[in-house]
Amino acid sequence: MTAGIGHNSGRVIEAGYGWRKHVWTQARKELLPRLPIEVVRRRVVRAKELGLPYRTYAGLRASNGHDLIGFLFSTNALRVFRDGAEMPQDRKDHLEKLVRCSRLALAHKPVVASAFASPIDGGFAAPVLAHSWSEAGEILRSGLTEAGGPAGRFVLVAETGLEREWAEAAQMAGVLIGDAVFSPRV
């Protein structure tokens, strides 16, 4: 009779197993950064200013090493699908609560970016399907630079897969889905 898969329940406990596990657990703990409590408190406050759950904010901040300076909202995420249409009140209310950050619109045709008023601070036209991946990234990078900062410090609030790809092409800090931003579990 030959031994088959799982014949030993997959457990391998040989001499020294407990010690090796202890040493590796300690080594992993030492690799994790330890932030002073005041830094953590400031970051929790900043997450609230941005209307994000702390875990989301911390992940975005860790991904690029910098604080976020703004959001780029696609017109799909804002639920504005035609020029002159009103943004839903829940979206407006959320945008008005954001503190110390830029709120920009990424306008898909036929919506015009200049048509947005407060609480949107500015915006620019979204790339079209005819643009290549690199061209789409360059359009977003240049629009964000003109608006006041590098793309790596902005988060795209998107609704479609294509928009998420644009954020990657522009090397933005990250992408969040509209529903997660406008109805967060803070």
# chains A, B, ... in the order shown; residues from 1 in each chain; ligands from 1

$ residues_around --residues "Asp90 in chain A" --least-positions-apart "3" --cutoff "8 Å" --atoms "only C-alpha atoms" --output "NGL selection string"
:A and (93-94 or 182)

$ select_by_dssp --residues "chain A" --states "helix (DSSP H, G or I)" --output "PyMOL selection string"
chain A and resi 17-31+37-49+54-64+75-78+89-97+113-115+133-147+151-153+161-169+178-182

$ select_by_dssp --residues "range 5-168 of chain A" --states "strand (DSSP E)" --output "list of chain:residue names"
A:Gly70, A:Phe71, A:Leu72, A:Phe73, A:Ser74, A:Ser102, A:Arg103, A:Leu104, A:Ala105, A:Leu106, A:Ala107, A:Gly122, A:Gly123, A:Phe124, A:Ala125, A:Phe154, A:Val155, A:Leu156, A:Val157, A:Ala158

$ residues_around --residues "range 108-124 of chain A" --least-positions-apart "5" --cutoff "6 Å" --atoms "only C-alpha atoms" --output "PyMOL selection string"
chain A and resi 82-83+96+103

$ atom_distance --atom1 "CA of Arg43 in chain A" --atom2 "CA of Thr75 in chain A"
28.6 Å

$ atom_distance --atom1 "CA of Val175 in chain A" --atom2 "CA of Leu68 in chain A"
12.2 Å

$ closest_atom_pairs --of "range 94-173 of chain A" --to "range 57-67 of chain A" --cutoff "8 Å" --atoms "only C-alpha atoms" --output "Markdown table"
| residue | atom | partner | partner_atom | distance |
| --- | --- | --- | --- | --- |
| A:Gly152 | CA | A:Asn64 | CA | 6.9 |
| A:Arg153 | CA | A:Asp67 | CA | 6.7 |
| A:Ala173 | CA | A:Asn64 | CA | 6.1 |

$ closest_residue --among "A:Ala15, A:Ile69, A:Ala47, A:Ala130" --to "Met172 in chain A" --atoms "only C-alpha atoms"
A:Ile69

$ residues_around --residues "Ser74 in chain A" --least-positions-apart "3" --cutoff "9 Å" --atoms "only C-alpha atoms" --output "PyMOL selection string"
chain A and resi 77-80+104-108+126+156-159+163+178

$ atom_distance --atom1 "CA of Ser134 in chain A" --atom2 "CA of Glu165 in chain A"
10.4 Å

$ closest_residue --among "A:Ala170, A:Val40, A:Ala85, A:Arg91" --to "Arg55 in chain A" --atoms "only C-alpha atoms"
A:Val40

$ decode --residues "range 43-186 of chain A" --atoms "C-alpha atoms" --output "mmCIF file, in the first residue's frame"
data_model
loop_
_atom_site.group_PDB
_atom_site.id
_atom_site.type_symbol
_atom_site.label_atom_id
_atom_site.label_comp_id
_atom_site.auth_asym_id
_atom_site.auth_seq_id
_atom_site.Cartn_x
_atom_site.Cartn_y
_atom_site.Cartn_z
ATOM 1 C CA ARG A 43 -3.954 60.149 10.573
ATOM 2 C CA VAL A 44 -7.326 59.093 11.990
ATOM 3 C CA VAL A 45 -8.386 62.760 11.992
ATOM 4 C CA ARG A 46 -7.129 63.154 8.410
ATOM 5 C CA ALA A 47 -9.084 60.085 7.316
ATOM 6 C CA LYS A 48 -12.239 61.660 8.756
ATOM 7 C CA GLU A 49 -11.484 64.939 6.953
ATOM 8 C CA LEU A 50 -11.299 62.976 3.705
ATOM 9 C CA GLY A 51 -14.468 61.041 4.498
ATOM 10 C CA LEU A 52 -12.668 57.701 4.369
ATOM 11 C CA PRO A 53 -12.477 54.787 6.791
ATOM 12 C CA TYR A 54 -9.072 54.777 8.487
ATOM 13 C CA ARG A 55 -8.083 51.412 6.983
ATOM 14 C CA THR A 56 -8.763 52.703 3.474
ATOM 15 C CA TYR A 57 -6.850 55.924 4.115
ATOM 16 C CA ALA A 58 -3.918 54.062 5.677
ATOM 17 C CA GLY A 59 -3.727 51.697 2.705
ATOM 18 C CA LEU A 60 -3.750 54.547 0.191
ATOM 19 C CA ARG A 61 -1.150 56.461 2.166
ATOM 20 C CA ALA A 62 1.071 53.392 2.494
ATOM 21 C CA SER A 63 0.855 52.679 -1.232
ATOM 22 C CA ASN A 64 2.567 55.922 -2.207
ATOM 23 C CA GLY A 65 4.152 57.206 1.014
ATOM 24 C CA HIS A 66 2.431 60.605 0.859
ATOM 25 C CA ASP A 67 -0.729 62.167 2.194
ATOM 26 C CA LEU A 68 -3.640 62.511 -0.197
ATOM 27 C CA ILE A 69 -4.341 66.007 -1.491
ATOM 28 C CA GLY A 70 -7.510 65.391 -3.435
ATOM 29 C CA PHE A 71 -10.061 63.294 -5.230
ATOM 30 C CA LEU A 72 -10.823 63.042 -8.927
ATOM 31 C CA PHE A 73 -14.492 62.080 -9.272
ATOM 32 C CA SER A 74 -15.681 60.632 -12.564
ATOM 33 C CA THR A 75 -19.030 61.966 -13.705
ATOM 34 C CA ASN A 76 -20.233 58.360 -13.538
ATOM 35 C CA ALA A 77 -19.431 58.243 -9.810
ATOM 36 C CA LEU A 78 -21.103 61.632 -9.340
ATOM 37 C CA ARG A 79 -24.188 60.313 -11.181
ATOM 38 C CA VAL A 80 -24.096 63.177 -13.694
ATOM 39 C CA PHE A 81 -24.720 61.611 -17.095
ATOM 40 C CA ARG A 82 -25.638 64.576 -19.291
ATOM 41 C CA ASP A 83 -24.616 68.199 -19.512
ATOM 42 C CA GLY A 84 -26.663 70.432 -17.246
ATOM 43 C CA ALA A 85 -27.892 67.572 -15.047
ATOM 44 C CA GLU A 86 -27.931 68.115 -11.288
ATOM 45 C CA MET A 87 -25.680 66.076 -9.051
ATOM 46 C CA PRO A 88 -27.724 64.005 -6.547
ATOM 47 C CA GLN A 89 -28.006 65.648 -3.131
ATOM 48 C CA ASP A 90 -26.252 62.816 -1.261
ATOM 49 C CA ARG A 91 -23.213 63.285 -3.508
ATOM 50 C CA LYS A 92 -23.223 67.061 -2.947
ATOM 51 C CA ASP A 93 -23.549 66.633 0.807
ATOM 52 C CA HIS A 94 -20.589 64.265 0.918
ATOM 53 C CA LEU A 95 -18.389 66.566 -1.189
ATOM 54 C CA GLU A 96 -19.185 69.554 1.024
ATOM 55 C CA LYS A 97 -17.980 67.642 4.097
ATOM 56 C CA LEU A 98 -14.504 67.016 2.668
ATOM 57 C CA VAL A 99 -11.847 69.167 4.352
ATOM 58 C CA ARG A 100 -8.443 70.332 3.091
ATOM 59 C CA CYS A 101 -8.515 68.497 -0.233
ATOM 60 C CA SER A 102 -9.203 69.201 -3.886
ATOM 61 C CA ARG A 103 -12.454 67.931 -5.395
ATOM 62 C CA LEU A 104 -12.064 67.606 -9.145
ATOM 63 C CA ALA A 105 -14.411 66.257 -11.803
ATOM 64 C CA LEU A 106 -13.389 63.957 -14.646
ATOM 65 C CA ALA A 107 -16.044 64.791 -17.224
ATOM 66 C CA HIS A 108 -17.146 62.172 -19.741
ATOM 67 C CA LYS A 109 -18.785 63.462 -22.910
ATOM 68 C CA PRO A 110 -21.390 64.991 -23.212
ATOM 69 C CA VAL A 111 -20.761 66.489 -19.746
ATOM 70 C CA VAL A 112 -18.484 69.538 -19.742
ATOM 71 C CA ALA A 113 -16.098 69.958 -16.797
ATOM 72 C CA SER A 114 -16.535 73.734 -16.691
ATOM 73 C CA ALA A 115 -20.257 73.279 -15.962
ATOM 74 C CA PHE A 116 -19.544 72.025 -12.436
ATOM 75 C CA ALA A 117 -19.887 74.489 -9.591
ATOM 76 C CA SER A 118 -19.319 74.212 -5.865
ATOM 77 C CA PRO A 119 -18.597 71.808 -4.219
ATOM 78 C CA ILE A 120 -16.442 70.753 -7.203
ATOM 79 C CA ASP A 121 -13.242 72.830 -7.348
ATOM 80 C CA GLY A 122 -12.440 72.193 -11.006
ATOM 81 C CA GLY A 123 -12.110 69.497 -13.577
ATOM 82 C CA PHE A 124 -11.148 68.421 -17.049
ATOM 83 C CA ALA A 125 -12.331 66.189 -19.869
ATOM 84 C CA ALA A 126 -11.922 62.443 -19.548
ATOM 85 C CA PRO A 127 -9.958 60.498 -22.135
ATOM 86 C CA VAL A 128 -12.038 58.942 -24.889
ATOM 87 C CA LEU A 129 -11.954 55.352 -26.108
ATOM 88 C CA ALA A 130 -9.743 56.345 -29.044
ATOM 89 C CA HIS A 131 -6.890 57.250 -26.671
ATOM 90 C CA SER A 132 -4.264 54.635 -25.940
ATOM 91 C CA TRP A 133 -3.516 53.542 -22.398
ATOM 92 C CA SER A 134 -0.441 55.796 -22.177
ATOM 93 C CA GLU A 135 -2.306 58.760 -23.720
ATOM 94 C CA ALA A 136 -5.114 58.343 -21.187
ATOM 95 C CA GLY A 137 -2.568 58.316 -18.363
ATOM 96 C CA GLU A 138 -0.909 61.453 -19.696
ATOM 97 C CA ILE A 139 -4.270 63.266 -19.966
ATOM 98 C CA LEU A 140 -5.006 62.511 -16.310
ATOM 99 C CA ARG A 141 -1.476 63.367 -15.137
ATOM 100 C CA SER A 142 -1.426 66.726 -16.930
ATOM 101 C CA GLY A 143 -4.948 67.617 -15.766
ATOM 102 C CA LEU A 144 -4.075 66.853 -12.150
ATOM 103 C CA THR A 145 -0.769 68.720 -12.355
ATOM 104 C CA GLU A 146 -2.568 71.808 -13.678
ATOM 105 C CA ALA A 147 -5.100 71.451 -10.862
ATOM 106 C CA GLY A 148 -2.441 71.620 -8.198
ATOM 107 C CA GLY A 149 -0.495 68.461 -7.570
ATOM 108 C CA PRO A 150 1.074 65.253 -8.804
ATOM 109 C CA ALA A 151 -1.225 62.420 -9.842
ATOM 110 C CA GLY A 152 0.299 60.159 -7.193
ATOM 111 C CA ARG A 153 -1.395 62.171 -4.459
ATOM 112 C CA PHE A 154 -4.911 62.002 -5.900
ATOM 113 C CA VAL A 155 -7.438 59.179 -5.666
ATOM 114 C CA LEU A 156 -9.792 58.439 -8.550
ATOM 115 C CA VAL A 157 -13.383 57.762 -7.545
ATOM 116 C CA ALA A 158 -14.600 55.624 -10.430
ATOM 117 C CA GLU A 159 -17.455 53.400 -11.513
ATOM 118 C CA THR A 160 -16.172 51.507 -14.541
ATOM 119 C CA GLY A 161 -13.283 49.185 -15.241
ATOM 120 C CA LEU A 162 -11.960 51.521 -17.923
ATOM 121 C CA GLU A 163 -11.740 54.377 -15.415
ATOM 122 C CA ARG A 164 -9.838 52.137 -13.002
ATOM 123 C CA GLU A 165 -7.335 51.351 -15.766
ATOM 124 C CA TRP A 166 -6.836 55.072 -16.368
ATOM 125 C CA ALA A 167 -5.868 55.565 -12.727
ATOM 126 C CA GLU A 168 -3.233 52.883 -13.074
ATOM 127 C CA ALA A 169 -1.953 54.448 -16.289
ATOM 128 C CA ALA A 170 -1.726 57.860 -14.592
ATOM 129 C CA GLN A 171 0.053 56.355 -11.562
ATOM 130 C CA MET A 172 -2.521 57.783 -9.161
ATOM 131 C CA ALA A 173 -2.551 56.967 -5.434
ATOM 132 C CA GLY A 174 -5.434 54.572 -5.926
ATOM 133 C CA VAL A 175 -8.978 53.957 -7.061
ATOM 134 C CA LEU A 176 -12.138 53.780 -5.006
ATOM 135 C CA ILE A 177 -15.599 52.757 -6.164
ATOM 136 C CA GLY A 178 -18.185 55.540 -5.956
ATOM 137 C CA ASP A 179 -20.565 53.673 -3.672
ATOM 138 C CA ALA A 180 -17.747 52.919 -1.216
ATOM 139 C CA VAL A 181 -16.880 56.620 -1.021
ATOM 140 C CA PHE A 182 -20.367 58.072 -0.879
ATOM 141 C CA SER A 183 -21.709 55.596 1.666
ATOM 142 C CA PRO A 184 -18.664 54.580 3.730
ATOM 143 C CA ARG A 185 -18.635 52.637 6.964
ATOM 144 C CA VAL A 186 -16.493 55.064 8.963
#
